[in-house]
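Structure data follow from start31.txt (compact mmCIF, C-alpha atoms (C1' of nucleotides)):
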```txt
# COMPACT_ATOMS: atom_id res chain seq x y z
CA MET A 1 19.17 -25.27 8.79
CA GLU A 2 18.58 -23.35 12.01
CA ARG A 3 16.60 -20.87 9.95
CA LEU A 4 14.25 -23.57 8.71
CA LEU A 5 13.61 -24.89 12.22
CA THR A 6 12.96 -21.37 13.46
CA HIS A 7 10.54 -20.97 10.57
CA PHE A 8 8.58 -24.12 11.50
CA GLN A 9 8.74 -23.09 15.14
CA ARG A 10 6.60 -20.08 14.33
CA TYR A 11 3.77 -22.45 13.40
CA ILE A 12 4.33 -25.49 15.69
CA PRO A 13 7.56 -26.43 17.49
CA LEU A 14 9.21 -29.68 16.34
CA ILE A 15 10.52 -32.12 18.97
CA GLU A 16 14.05 -33.53 18.83
CA ASP A 17 13.02 -36.79 17.14
CA GLU A 18 11.31 -34.86 14.41
CA LYS A 19 14.31 -32.63 13.87
CA ARG A 20 16.44 -35.74 13.49
CA LEU A 21 14.08 -37.06 10.83
CA LEU A 22 14.10 -33.75 9.01
CA GLU A 23 17.81 -33.00 8.90
CA PRO A 24 19.04 -35.71 6.51
CA ARG A 25 16.18 -35.01 4.11
CA VAL A 26 16.83 -31.37 3.36
CA ARG A 27 19.74 -29.86 1.46
CA ALA A 28 21.27 -26.39 1.74
CA ARG A 29 22.58 -24.75 -1.45
CA LYS A 30 24.05 -21.46 -2.57
CA ILE A 31 22.63 -19.96 -5.75
CA LYS A 32 24.17 -17.29 -7.94
CA ARG A 33 22.39 -14.24 -9.29
CA ARG A 34 20.42 -15.15 -12.44
CA GLN A 35 20.79 -18.85 -11.78
CA MET A 36 17.58 -20.82 -12.37
CA ILE A 37 16.31 -23.45 -9.98
CA LEU A 38 13.38 -24.32 -12.25
CA GLN A 39 13.04 -24.04 -16.03
CA GLU A 40 10.05 -24.43 -18.32
CA GLY A 41 9.75 -27.97 -19.61
CA PHE A 42 11.32 -29.54 -16.50
CA VAL A 43 9.56 -31.12 -13.55
CA CYS A 44 9.70 -29.07 -10.35
CA LYS A 45 11.79 -31.40 -8.14
CA HIS A 46 11.92 -29.36 -4.93
CA TYR A 47 10.09 -27.29 -2.42
CA THR A 48 12.52 -24.42 -1.86
CA PHE A 49 12.86 -22.35 1.31
CA VAL A 50 14.68 -19.04 0.93
CA VAL A 51 17.19 -18.44 3.73
CA GLU A 52 18.88 -15.43 2.15
CA GLY A 53 18.37 -13.56 -1.13
CA CYS A 54 15.44 -13.23 -3.49
CA PHE A 55 13.80 -15.17 -6.34
CA LYS A 56 11.21 -14.50 -9.01
CA MET A 57 8.79 -17.03 -10.49
CA TYR A 58 7.56 -16.22 -13.98
CA GLY A 59 6.01 -17.52 -17.17
CA VAL A 60 6.94 -16.54 -20.70
CA ASP A 61 4.22 -15.72 -23.25
CA ASP A 62 4.02 -16.33 -27.03
CA LYS A 63 5.93 -13.17 -27.75
CA GLY A 64 8.73 -14.01 -25.36
CA TYR A 65 7.75 -11.56 -22.63
CA GLU A 66 8.20 -12.56 -18.99
CA HIS A 67 5.33 -12.24 -16.49
CA ASN A 68 6.24 -12.42 -12.81
CA ILE A 69 3.79 -14.44 -10.75
CA GLN A 70 5.48 -14.03 -7.39
CA PHE A 71 8.66 -13.07 -5.61
CA ALA A 72 10.16 -15.03 -2.71
CA ALA A 73 12.57 -13.49 -0.22
CA GLU A 74 13.89 -14.52 3.22
CA GLY A 75 11.47 -16.88 4.98
CA ASP A 76 9.32 -17.61 1.91
CA TRP A 77 8.69 -20.94 0.20
CA ILE A 78 8.72 -21.22 -3.56
CA ALA A 79 7.84 -24.08 -5.94
CA ASP A 80 5.58 -24.88 -8.87
CA ILE A 81 3.22 -26.86 -6.67
CA GLY A 82 1.25 -28.26 -9.62
CA SER A 83 4.32 -29.67 -11.36
CA PHE A 84 5.82 -30.85 -8.06
CA HIS A 85 2.87 -33.06 -7.18
CA SER A 86 1.88 -34.20 -10.67
CA GLN A 87 5.49 -34.70 -11.80
CA LYS A 88 4.51 -33.09 -15.09
CA PRO A 89 6.76 -30.56 -16.83
CA SER A 90 6.38 -27.02 -15.52
CA ARG A 91 5.55 -24.02 -17.67
CA LEU A 92 7.34 -21.71 -15.26
CA PHE A 93 10.81 -20.45 -14.38
CA ILE A 94 12.22 -19.74 -10.93
CA GLU A 95 15.33 -17.57 -11.00
CA ALA A 96 17.55 -15.87 -8.40
CA ILE A 97 17.44 -12.08 -8.55
CA GLU A 98 20.22 -11.85 -5.96
CA PRO A 99 22.94 -14.25 -4.79
CA SER A 100 20.96 -16.53 -2.48
CA GLU A 101 21.03 -19.33 0.05
CA ILE A 102 18.23 -21.87 0.04
CA ILE A 103 17.13 -25.12 1.65
CA GLN A 104 15.46 -27.68 -0.61
CA ILE A 105 13.33 -30.76 -0.03
CA GLU A 106 12.73 -33.33 -2.76
CA GLN A 107 9.29 -34.76 -3.42
CA GLN A 108 10.01 -38.25 -2.03
CA ASP A 109 11.56 -36.77 1.08
CA LEU A 110 8.66 -34.40 1.65
CA TYR A 111 6.17 -37.25 1.28
CA PHE A 112 8.21 -39.29 3.76
CA LEU A 113 8.20 -36.37 6.16
CA TYR A 114 4.44 -35.81 5.79
CA ILE A 115 3.91 -39.43 6.86
CA ASN A 116 6.37 -39.40 9.73
CA ILE A 117 5.79 -35.89 11.03
CA PRO A 118 2.03 -35.33 10.78
CA LYS A 119 2.54 -31.81 12.12
CA LEU A 120 3.99 -30.91 8.75
CA ASP A 121 0.60 -31.46 7.12
CA ARG A 122 -0.73 -28.81 9.45
CA ILE A 123 2.21 -26.47 8.98
CA PHE A 124 2.14 -26.59 5.20
CA LYS A 125 -1.64 -26.36 5.15
CA VAL A 126 -1.34 -23.04 6.96
CA ILE A 127 1.57 -21.86 4.79
CA ILE A 128 -0.37 -22.56 1.62
CA GLU A 129 -3.56 -21.04 3.00
CA ASN A 130 -1.62 -17.83 3.56
CA LYS A 131 -0.18 -17.88 0.08
CA PHE A 132 -3.66 -18.57 -1.29
CA VAL A 133 -5.09 -15.50 0.42
CA GLU A 134 -2.27 -13.34 -0.97
CA LEU A 135 -2.86 -14.66 -4.46
CA GLN A 136 -6.61 -14.13 -4.20
CA ASN A 137 -6.08 -10.49 -3.33
CA ARG A 138 -3.81 -10.24 -6.33
CA VAL A 139 -6.54 -11.56 -8.65
CA LEU A 140 -9.11 -9.20 -7.22
CA GLN A 141 -6.76 -6.24 -7.58
CA ALA A 142 -5.73 -7.18 -11.09
CA PHE A 143 -9.34 -6.96 -12.22
CA SER A 144 -10.62 -4.09 -10.10
CA SER A 145 -7.79 -1.54 -9.89
CA THR A 146 -5.80 0.65 -12.24
CA ALA A 147 -2.08 0.08 -12.67
CA GLU A 148 -1.37 3.10 -10.46
CA GLN A 149 -3.46 1.73 -7.60
CA ARG A 150 -1.76 -1.65 -7.96
CA TYR A 151 1.67 0.00 -7.85
CA LEU A 152 0.80 1.88 -4.68
CA SER A 153 -0.51 -1.33 -3.06
CA PHE A 154 2.69 -3.08 -4.02
CA LEU A 155 4.78 -0.39 -2.34
CA GLU A 156 2.68 -0.74 0.81
CA GLN A 157 2.57 -4.51 0.88
CA TYR A 158 6.19 -5.24 -0.04
CA PRO A 159 8.27 -2.30 1.24
CA HIS A 160 11.24 -4.61 1.78
CA LEU A 161 11.23 -5.51 -1.92
CA THR A 162 10.76 -2.13 -3.56
CA ASN A 163 14.36 -1.05 -3.08
CA ARG A 164 15.82 -4.44 -3.92
CA LEU A 165 14.01 -5.00 -7.21
CA PRO A 166 14.61 -3.18 -10.50
CA ASN A 167 11.49 -1.46 -11.80
CA THR A 168 11.39 -3.79 -14.78
CA GLN A 169 10.68 -6.66 -12.39
CA ILE A 170 8.03 -4.74 -10.51
CA ALA A 171 6.36 -3.77 -13.79
CA SER A 172 6.29 -7.41 -14.84
CA TYR A 173 4.67 -8.30 -11.50
CA LEU A 174 2.07 -5.57 -11.88
CA GLY A 175 1.21 -6.74 -15.39
CA ILE A 176 2.38 -3.59 -17.19
CA THR A 177 5.36 -2.50 -19.30
CA PRO A 178 8.39 -0.79 -17.71
CA GLU A 179 7.63 2.26 -19.89
CA PHE A 180 4.18 2.62 -18.39
CA LEU A 181 5.49 2.15 -14.86
CA SER A 182 7.93 4.95 -15.57
CA LYS A 183 5.02 7.16 -16.58
CA ILE A 184 3.10 6.27 -13.41
CA ARG A 185 6.12 7.09 -11.23
CA LYS A 186 6.54 10.43 -12.97
CA ASN A 187 2.88 11.21 -12.39
CA LEU A 188 3.03 10.27 -8.72
CA SER A 189 6.16 12.35 -8.11
CA ARG A 190 4.39 15.42 -9.42
CA LYS A 191 1.65 15.09 -6.82
CA MET B 1 -23.92 -35.65 4.28
CA GLU B 2 -23.17 -38.76 2.24
CA ARG B 3 -21.85 -36.45 -0.45
CA LEU B 4 -19.35 -34.91 1.93
CA LEU B 5 -18.06 -38.29 3.09
CA THR B 6 -17.72 -39.44 -0.53
CA HIS B 7 -15.81 -36.25 -1.19
CA PHE B 8 -13.33 -36.89 1.65
CA GLN B 9 -13.12 -40.53 0.58
CA ARG B 10 -11.54 -39.42 -2.67
CA TYR B 11 -8.56 -38.14 -0.67
CA ILE B 12 -8.40 -40.47 2.36
CA PRO B 13 -11.20 -42.69 3.73
CA LEU B 14 -12.53 -41.77 7.17
CA ILE B 15 -13.11 -44.53 9.72
CA GLU B 16 -16.41 -44.89 11.60
CA ASP B 17 -15.19 -43.09 14.72
CA GLU B 18 -14.14 -40.15 12.62
CA LYS B 19 -17.47 -40.01 10.82
CA ARG B 20 -19.18 -39.94 14.18
CA LEU B 21 -17.05 -36.97 15.24
CA LEU B 22 -17.77 -35.17 12.00
CA GLU B 23 -21.53 -35.56 11.75
CA PRO B 24 -22.70 -33.35 14.65
CA ARG B 25 -20.31 -30.59 13.61
CA VAL B 26 -21.54 -29.95 10.10
CA ARG B 27 -24.85 -28.46 9.03
CA ALA B 28 -26.80 -28.94 5.81
CA ARG B 29 -28.73 -25.97 4.40
CA LYS B 30 -30.78 -25.05 1.37
CA ILE B 31 -30.02 -21.72 -0.26
CA LYS B 32 -32.21 -19.76 -2.67
CA ARG B 33 -31.05 -18.19 -5.91
CA ARG B 34 -29.42 -14.80 -5.22
CA GLN B 35 -29.19 -15.50 -1.51
CA MET B 36 -25.84 -14.47 0.01
CA ILE B 37 -23.91 -16.67 2.41
CA LEU B 38 -21.22 -14.01 2.90
CA GLN B 39 -21.44 -10.23 2.66
CA GLU B 40 -18.75 -7.55 2.66
CA GLY B 41 -18.16 -6.23 6.17
CA PHE B 42 -19.06 -9.50 7.88
CA VAL B 43 -16.72 -12.18 9.17
CA CYS B 44 -16.71 -15.38 7.11
CA LYS B 45 -18.13 -17.85 9.64
CA HIS B 46 -18.12 -21.06 7.60
CA TYR B 47 -16.26 -23.31 5.25
CA THR B 48 -18.97 -24.19 2.72
CA PHE B 49 -19.15 -27.37 0.67
CA VAL B 50 -21.45 -27.24 -2.37
CA VAL B 51 -23.62 -30.36 -2.67
CA GLU B 52 -25.89 -29.03 -5.39
CA GLY B 53 -26.10 -25.72 -7.25
CA CYS B 54 -23.60 -22.98 -7.94
CA PHE B 55 -22.10 -19.93 -6.20
CA LYS B 56 -20.00 -16.94 -7.16
CA MET B 57 -17.49 -15.14 -4.97
CA TYR B 58 -16.85 -11.52 -5.87
CA GLY B 59 -15.56 -8.14 -4.77
CA VAL B 60 -17.09 -4.76 -5.55
CA ASP B 61 -14.88 -1.87 -6.69
CA ASP B 62 -15.11 1.90 -6.05
CA LYS B 63 -17.52 2.35 -8.92
CA GLY B 64 -19.82 -0.40 -7.72
CA TYR B 65 -18.85 -2.97 -10.33
CA GLU B 66 -18.66 -6.64 -9.34
CA HIS B 67 -15.57 -8.73 -10.08
CA ASN B 68 -15.92 -12.50 -9.85
CA ILE B 69 -12.96 -14.19 -8.21
CA GLN B 70 -14.23 -17.76 -8.44
CA PHE B 71 -17.23 -19.96 -8.99
CA ALA B 72 -18.05 -23.01 -6.88
CA ALA B 73 -20.30 -25.83 -8.12
CA GLU B 74 -20.98 -29.41 -6.98
CA GLY B 75 -18.04 -30.81 -5.02
CA ASP B 76 -16.24 -27.48 -4.53
CA TRP B 77 -15.40 -25.70 -1.29
CA ILE B 78 -15.89 -21.98 -0.94
CA ALA B 79 -14.97 -19.51 1.82
CA ASP B 80 -13.04 -16.30 2.35
CA ILE B 81 -10.15 -18.15 3.96
CA GLY B 82 -8.44 -14.96 5.12
CA SER B 83 -11.48 -13.67 6.97
CA PHE B 84 -12.36 -17.14 8.28
CA HIS B 85 -9.03 -17.61 10.06
CA SER B 86 -8.39 -14.01 11.12
CA GLN B 87 -12.01 -13.36 12.12
CA LYS B 88 -11.69 -9.98 10.45
CA PRO B 89 -14.49 -8.55 8.27
CA SER B 90 -14.43 -9.81 4.70
CA ARG B 91 -14.31 -7.57 1.65
CA LEU B 92 -16.07 -10.22 -0.44
CA PHE B 93 -19.52 -11.56 -1.24
CA ILE B 94 -20.54 -15.17 -1.81
CA GLU B 95 -23.90 -15.52 -3.55
CA ALA B 96 -25.95 -18.40 -4.96
CA ILE B 97 -26.40 -18.24 -8.73
CA GLU B 98 -28.80 -21.20 -8.62
CA PRO B 99 -30.99 -22.72 -5.88
CA SER B 100 -28.42 -24.71 -3.94
CA GLU B 101 -27.74 -27.24 -1.20
CA ILE B 102 -24.66 -26.85 0.94
CA ILE B 103 -22.92 -28.28 3.97
CA GLN B 104 -21.23 -25.83 6.32
CA ILE B 105 -18.63 -26.10 9.08
CA GLU B 106 -18.07 -23.32 11.59
CA GLN B 107 -14.58 -22.19 12.54
CA GLN B 108 -14.62 -23.65 16.07
CA ASP B 109 -15.94 -26.96 14.77
CA LEU B 110 -13.35 -27.13 12.01
CA TYR B 111 -10.56 -26.42 14.52
CA PHE B 112 -11.96 -29.16 16.77
CA LEU B 113 -12.03 -31.55 13.83
CA TYR B 114 -8.46 -30.66 12.78
CA ILE B 115 -7.29 -31.64 16.26
CA ASN B 116 -9.32 -34.83 16.54
CA ILE B 117 -9.07 -36.05 12.95
CA PRO B 118 -5.47 -35.27 11.90
CA LYS B 119 -6.27 -36.67 8.45
CA LEU B 120 -8.27 -33.55 7.82
CA ASP B 121 -5.09 -31.48 7.92
CA ARG B 122 -3.83 -33.60 5.07
CA ILE B 123 -7.10 -33.53 3.15
CA PHE B 124 -7.52 -29.77 3.34
CA LYS B 125 -3.85 -29.22 2.60
CA VAL B 126 -4.37 -31.06 -0.69
CA ILE B 127 -7.67 -29.30 -1.43
CA ILE B 128 -6.08 -25.89 -0.94
CA GLU B 129 -2.98 -26.82 -2.91
CA ASN B 130 -5.25 -27.64 -5.84
CA LYS B 131 -7.12 -24.38 -5.52
CA PHE B 132 -3.81 -22.55 -5.28
CA VAL B 133 -2.59 -24.05 -8.56
CA GLU B 134 -5.84 -23.07 -10.28
CA LEU B 135 -5.55 -19.53 -9.00
CA GLN B 136 -1.92 -19.27 -10.03
CA ASN B 137 -2.82 -20.22 -13.58
CA ARG B 138 -5.47 -17.55 -13.47
CA VAL B 139 -2.94 -14.88 -12.51
CA LEU B 140 -0.54 -15.97 -15.22
CA GLN B 141 -3.30 -15.95 -17.82
CA ALA B 142 -4.66 -12.60 -16.70
CA PHE B 143 -1.29 -11.00 -17.39
CA SER B 144 -0.14 -12.93 -20.44
CA SER B 145 -3.25 -13.54 -22.59
CA THR B 146 -5.82 -11.49 -24.46
CA ALA B 147 -9.45 -11.57 -23.37
CA GLU B 148 -10.28 -13.86 -26.30
CA GLN B 149 -7.66 -16.42 -25.26
CA ARG B 150 -8.90 -16.27 -21.69
CA TYR B 151 -12.48 -16.83 -22.84
CA LEU B 152 -11.44 -19.88 -24.88
CA SER B 153 -9.51 -21.28 -21.90
CA PHE B 154 -12.53 -20.76 -19.71
CA LEU B 155 -14.72 -22.73 -22.11
CA GLU B 156 -12.18 -25.55 -22.10
CA GLN B 157 -11.56 -25.59 -18.38
CA TYR B 158 -15.13 -25.17 -17.16
CA PRO B 159 -17.39 -26.73 -19.82
CA HIS B 160 -19.94 -27.65 -17.12
CA LEU B 161 -20.29 -23.99 -16.18
CA THR B 162 -20.52 -22.31 -19.57
CA ASN B 163 -24.13 -23.29 -20.15
CA ARG B 164 -25.20 -22.62 -16.59
CA LEU B 165 -23.81 -19.12 -16.23
CA PRO B 166 -25.09 -15.95 -17.89
CA ASN B 167 -22.43 -14.24 -20.00
CA THR B 168 -22.43 -11.26 -17.67
CA GLN B 169 -21.02 -13.52 -14.96
CA ILE B 170 -18.42 -15.04 -17.26
CA ALA B 171 -17.36 -11.56 -18.39
CA SER B 172 -16.93 -10.51 -14.77
CA TYR B 173 -14.77 -13.59 -14.16
CA LEU B 174 -12.63 -12.87 -17.22
CA GLY B 175 -12.12 -9.28 -16.13
CA ILE B 176 -13.95 -7.66 -19.06
CA THR B 177 -17.30 -5.98 -19.70
CA PRO B 178 -20.29 -7.95 -21.00
CA GLU B 179 -20.25 -5.70 -24.09
CA PHE B 180 -16.72 -6.73 -24.96
CA LEU B 181 -17.46 -10.41 -24.37
CA SER B 182 -20.33 -10.05 -26.78
CA LYS B 183 -17.91 -8.67 -29.36
CA ILE B 184 -15.48 -11.55 -28.79
CA ARG B 185 -18.26 -14.11 -29.22
CA LYS B 186 -19.35 -12.47 -32.44
CA ASN B 187 -15.79 -12.56 -33.74
CA LEU B 188 -15.34 -16.21 -32.83
CA SER B 189 -18.61 -17.24 -34.46
CA ARG B 190 -17.45 -15.72 -37.75
CA LYS B 191 -14.35 -17.93 -37.80
C1' DC C 1 -50.68 -13.12 -17.08
C1' DC C 2 -48.36 -9.06 -16.81
C1' DC C 3 -44.74 -6.11 -15.24
C1' DA C 4 -40.24 -5.60 -13.81
C1' DA C 5 -35.93 -7.14 -13.71
C1' DC C 6 -32.50 -9.18 -16.00
C1' DC C 7 -29.86 -10.45 -20.21
C1' DC C 8 -27.63 -10.07 -24.92
C1' DT C 9 -26.21 -7.42 -28.65
C1' DT C 10 -24.65 -3.37 -31.63
C1' DA C 11 -22.20 0.78 -32.40
C1' DA C 12 -19.75 5.27 -31.68
C1' DA C 13 -16.65 7.78 -28.86
C1' DC C 14 -13.12 7.34 -25.46
C1' DT C 15 -9.02 5.80 -22.36
C1' DA C 16 -5.63 2.96 -20.16
C1' DC C 17 -2.01 0.79 -21.52
C1' DA C 18 1.25 -1.33 -25.32
C1' DT C 19 4.63 -0.72 -28.92
C1' DT C 20 8.46 1.21 -31.06
C1' DA C 21 12.33 3.97 -31.05
C1' DA C 22 15.90 6.41 -29.09
C1' DG C 23 19.28 8.53 -25.59
C1' DG C 24 21.78 8.44 -21.43
C1' DG C 25 23.02 6.23 -16.98
C1' DT C 26 24.92 2.41 -14.15
C1' DA C 27 26.38 -2.12 -13.05
C1' DT C 28 28.93 -6.62 -14.38
C1' DT C 29 32.01 -8.93 -16.87
C1' DT C 30 36.27 -9.33 -19.31
C1' DA D 1 39.52 0.29 -18.17
C1' DA D 2 36.86 -0.87 -21.75
C1' DA D 3 33.02 -3.30 -23.33
C1' DT D 4 28.79 -5.10 -22.79
C1' DA D 5 24.65 -5.91 -20.87
C1' DC D 6 21.20 -4.02 -18.21
C1' DC D 7 18.16 -0.24 -16.58
C1' DC D 8 15.31 4.15 -16.62
C1' DT D 9 13.05 7.60 -19.00
C1' DT D 10 10.59 10.34 -22.75
C1' DA D 11 7.62 10.71 -26.52
C1' DA D 12 4.87 9.49 -30.73
C1' DT D 13 1.78 6.30 -32.43
C1' DG D 14 -1.25 2.23 -32.02
C1' DT D 15 -4.82 -0.95 -29.89
C1' DA D 16 -7.44 -3.80 -26.58
C1' DG D 17 -10.91 -3.01 -23.90
C1' DT D 18 -14.39 0.66 -21.62
C1' DT D 19 -18.24 3.74 -21.56
C1' DT D 20 -22.53 5.27 -22.82
C1' DA D 21 -26.66 4.67 -25.07
C1' DA D 22 -30.23 2.18 -27.02
C1' DG D 23 -33.35 -1.77 -28.67
C1' DG D 24 -35.19 -6.23 -28.29
C1' DG D 25 -35.56 -10.90 -26.03
C1' DT D 26 -36.31 -13.87 -21.87
C1' DT D 27 -37.26 -14.96 -17.22
C1' DG D 28 -39.53 -15.02 -12.95
C1' DG D 29 -42.20 -13.20 -9.18
C1' DG D 30 -46.70 -11.43 -7.58
```
Starting from the coordinates I provided, produce the structure as structure tokens.
Amino acid sequence: MERLLTHFQRYIPLIEDEKRLLEPRVRARKIKRRQMILQEGFVCKHYTFVVEGCFKMYGVDDKGYEHNIQFAAEGDWIADIGSFHSQKPSRLFIEAIEPSEIIQIEQQDLYFLYINIPKLDRIFKVIIENKFVELQNRVLQAFSSTAEQRYLSFLEQYPHLTNRLPNTQIASYLGITPEFLSKIRKNLSRK
Amino acid sequence: MERLLTHFQRYIPLIEDEKRLLEPRVRARKIKRRQMILQEGFVCKHYTFVVEGCFKMYGVDDKGYEHNIQFAAEGDWIADIGSFHSQKPSRLFIEAIEPSEIIQIEQQDLYFLYINIPKLDRIFKVIIENKFVELQNRVLQAFSSTAEQRYLSFLEQYPHLTNRLPNTQIASYLGITPEFLSKIRKNLSRK
DNA sequence: CCCAACCCTTAAACTACATTAAGGGTATTT
DNA sequence: AAATACCCTTAATGTAGTTTAAGGGTTGGG
């Protein structure tokens, strides 16, 4: 809970009254490795804040292959925003890669908080703007770089993740097969 | 100007006082075909609302090829959000594909408006959430579908654009060459 | 009205990446 | 401690999409 307040603090400090409104409307949970907090076909019920651990969000294609859309580690938010707001079934999965601790807010509670703590509109606007920029770079890179360039960018941009994630997960994020990532790594190590 | 108010109205109505604050801080402009409102190396100075016409936003790779990240037609917002907020040079271009009419807000004015019309935090939070969801689908599709499937999705999702855009621009958006799009179209027409 | 710039298509040769298969290593679970 | 599931790599073969080149059609600016 402290961690969430500290997180908001970095955007705009909350006053005591606001903290009191917030507290009863969030819920802390522990999640096991490989446990899913969202599955395809279900509505995304929560905005999830990662206190400790790491998650992946992915879709599954016709052939059953997983494609990682994003990772979320300490201090990140994760949710299928489309499903959350529309209350329609999601086509995505969110799964813990490590044993994790999270804080969750349900839709009704978040809407209540948006009304009673207008600051939160501002805070989440900025949070989502930042995520949007990240995602936009990802699209540009996907279409304008080779897999090797994308791998190198990944290493630069997410150094804290590269040692925590198996290469299969990184390959899925880069949009390539683990076999091809292996080839890229071999190539790079020869240079 | 009316068009912008109508646009905001669809999220939350503005009261008269708020409209009065808004009006002197936005600027209407006409833009010619092929005119750029953002160029690589320059800071993105404005949030741009498209009243009439159509724009593309793209990056240029090492080899000089353009890669379209998004289109913006009537009722859409377009800006390099990262550059706009950080005031760092953009790596993107925004260019009119058709003669267009736009309404622009400068950074300082938008910040003033955010402070004096808190509703706008809410409105732009929702606008960006929607754009985020769109972009997320794009990432998922890019990694999990063939070019043909992506082309068919594009036709479904943006029927109003397919007749307005040259195929070269659509190909660039799909992440393929015009030659290959031509092949896909030929294939589809035989079915 | 003409010239230049853009646009669409076809086809042959090429390349980045996928698929399949297989072997050995290392964690997790029982 | 064994068994199982997971992970990394190598290599041969296959394919979606690129590159290069070329011809013809359309648009728009001077």
May I have a table of the residues of chain A lying at most 8 Å from chain D, giving each one's closest pair of atoms and their distance in Å to one decimal, counting only C-alpha atoms (C1' of nucleotides), ordered by chain and ascending residue number, as CSV?
```
residue,atom,partner,partner_atom,distance
A:Pro166,CA,D:DC7,C1',7.6
A:Thr168,CA,D:DC7,C1',7.9
A:Glu179,CA,D:DT9,C1',7.7
A:Ser182,CA,D:DT9,C1',6.7
```
Quiz item: Hey, which of B:Gln169, B:Ser86, B:Thr177, B:Asn116 ends up closest to Gln70 in chain B? Count all atoms listed in the file.
Solution: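 The closest residue to Gln70 in chain B is B:Gln169.
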Practice problem: Would you kindly return, as an NGL selection string, each protein, DNA or RNA residue with an atom no farther than 10 Å from any atom of Gln136 in chain B, considering all atoms listed in the file and excluding same-chain residues fewer than 4 positions away? | Solution: (:A and (69-70 or 80-82 or 132 or 135-136 or 138-139)) or (:B and (130-132 or 140-142))
Kindly assemble as a Markdown table a list of the chain A residues that lie within 10 Å of chain B, each paired with its nearest atom pair and their distance in Å to one decimal, using all atoms listed in the file, sorted first by chain and then by ascending residue number.
```
| residue | atom | partner | partner_atom | distance |
| --- | --- | --- | --- | --- |
| A:Tyr58 | CA | B:Leu140 | CA | 8.2 |
| A:Gly59 | CA | B:Leu140 | CA | 7.0 |
| A:Val60 | CA | B:Ser144 | CA | 8.0 |
| A:Asp61 | CA | B:Ser144 | CA | 5.9 |
| A:Asp62 | CA | B:Ser144 | CA | 8.5 |
| A:Lys63 | CA | B:Ser144 | CA | 9.5 |
| A:Tyr65 | CA | B:Ser144 | CA | 8.3 |
| A:Glu66 | CA | B:Ser144 | CA | 8.5 |
| A:His67 | CA | B:Ser144 | CA | 6.8 |
| A:Asn68 | CA | B:Leu140 | CA | 8.0 |
| A:Ile69 | CA | B:Leu140 | CA | 6.4 |
| A:Gln70 | CA | B:Gln136 | CA | 9.4 |
| A:Asp80 | CA | B:Val133 | CA | 8.2 |
| A:Ile81 | CA | B:Val133 | CA | 6.7 |
| A:Gly82 | CA | B:Val133 | CA | 5.8 |
| A:Ser83 | CA | B:Val133 | CA | 9.3 |
| A:His85 | CA | B:Glu129 | CA | 9.6 |
| A:Leu92 | CA | B:Leu140 | CA | 9.7 |
| A:Tyr114 | CA | B:Arg122 | CA | 8.6 |
| A:Ile115 | CA | B:Arg122 | CA | 9.9 |
| A:Pro118 | CA | B:Pro118 | CA | 7.6 |
| A:Lys119 | CA | B:Asp121 | CA | 8.7 |
| A:Leu120 | CA | B:Arg122 | CA | 9.1 |
| A:Asp121 | CA | B:Arg122 | CA | 5.3 |
| A:Arg122 | CA | B:Asp121 | CA | 5.3 |
| A:Ile123 | CA | B:Asp121 | CA | 8.9 |
| A:Phe124 | CA | B:Lys125 | CA | 7.0 |
| A:Lys125 | CA | B:Lys125 | CA | 4.4 |
| A:Val126 | CA | B:Lys125 | CA | 8.0 |
| A:Ile127 | CA | B:Lys125 | CA | 9.4 |
| A:Ile128 | CA | B:Glu129 | CA | 6.7 |
| A:Glu129 | CA | B:Ile128 | CA | 6.7 |
| A:Asn130 | CA | B:Gly82 | CA | 7.6 |
| A:Lys131 | CA | B:Phe132 | CA | 8.0 |
| A:Phe132 | CA | B:Phe132 | CA | 5.6 |
| A:Val133 | CA | B:Gly82 | CA | 5.8 |
| A:Glu134 | CA | B:Gly82 | CA | 8.8 |
| A:Leu135 | CA | B:Leu135 | CA | 7.2 |
| A:Gln136 | CA | B:Leu135 | CA | 7.3 |
| A:Asn137 | CA | B:Ile69 | CA | 9.2 |
| A:Arg138 | CA | B:Val139 | CA | 7.8 |
| A:Val139 | CA | B:Val139 | CA | 6.2 |
| A:Leu140 | CA | B:Ile69 | CA | 6.4 |
| A:Gln141 | CA | B:Asp61 | CA | 9.3 |
| A:Ala142 | CA | B:Ala142 | CA | 7.9 |
| A:Phe143 | CA | B:Gly175 | CA | 5.3 |
| A:Ser144 | CA | B:Asp61 | CA | 5.9 |
| A:Ser145 | CA | B:Asp61 | CA | 7.8 |
| A:Ser172 | CA | B:Phe143 | CA | 8.8 |
| A:Tyr173 | CA | B:Phe143 | CA | 8.8 |
| A:Leu174 | CA | B:Phe143 | CA | 8.4 |
| A:Gly175 | CA | B:Phe143 | CA | 5.3 |
| A:Ile176 | CA | B:Phe143 | CA | 8.3 |
```
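A straight line drawn from CA of Pro24 in chain A to CA of His7 in chain A is 17.5 Å long.
Residues with any atom within 8 Å of Lys30 in chain A, counting only C-alpha atoms (C1' of nucleotides) and excluding same-chain neighbours fewer than 5 positions away, are Pro99, Ser100, Glu101 and Ile102 of chain A.
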Enumerate as an mmCIF file with C-alpha atoms (C1' of nucleotides), in the frame of the given file the residues belonging to chain C that approach chain B to within 10 Å, with all atoms listed in the file taken into account.
```cif
data_model
loop_
_atom_site.group_PDB
_atom_site.id
_atom_site.type_symbol
_atom_site.label_atom_id
_atom_site.label_comp_id
_atom_site.auth_asym_id
_atom_site.auth_seq_id
_atom_site.Cartn_x
_atom_site.Cartn_y
_atom_site.Cartn_z
ATOM 1 C "C1'" DC C 7 -29.860 -10.450 -20.210
ATOM 2 C "C1'" DC C 8 -27.630 -10.070 -24.920
ATOM 3 C "C1'" DT C 9 -26.210 -7.420 -28.650
ATOM 4 C "C1'" DT C 10 -24.650 -3.370 -31.630
#
```
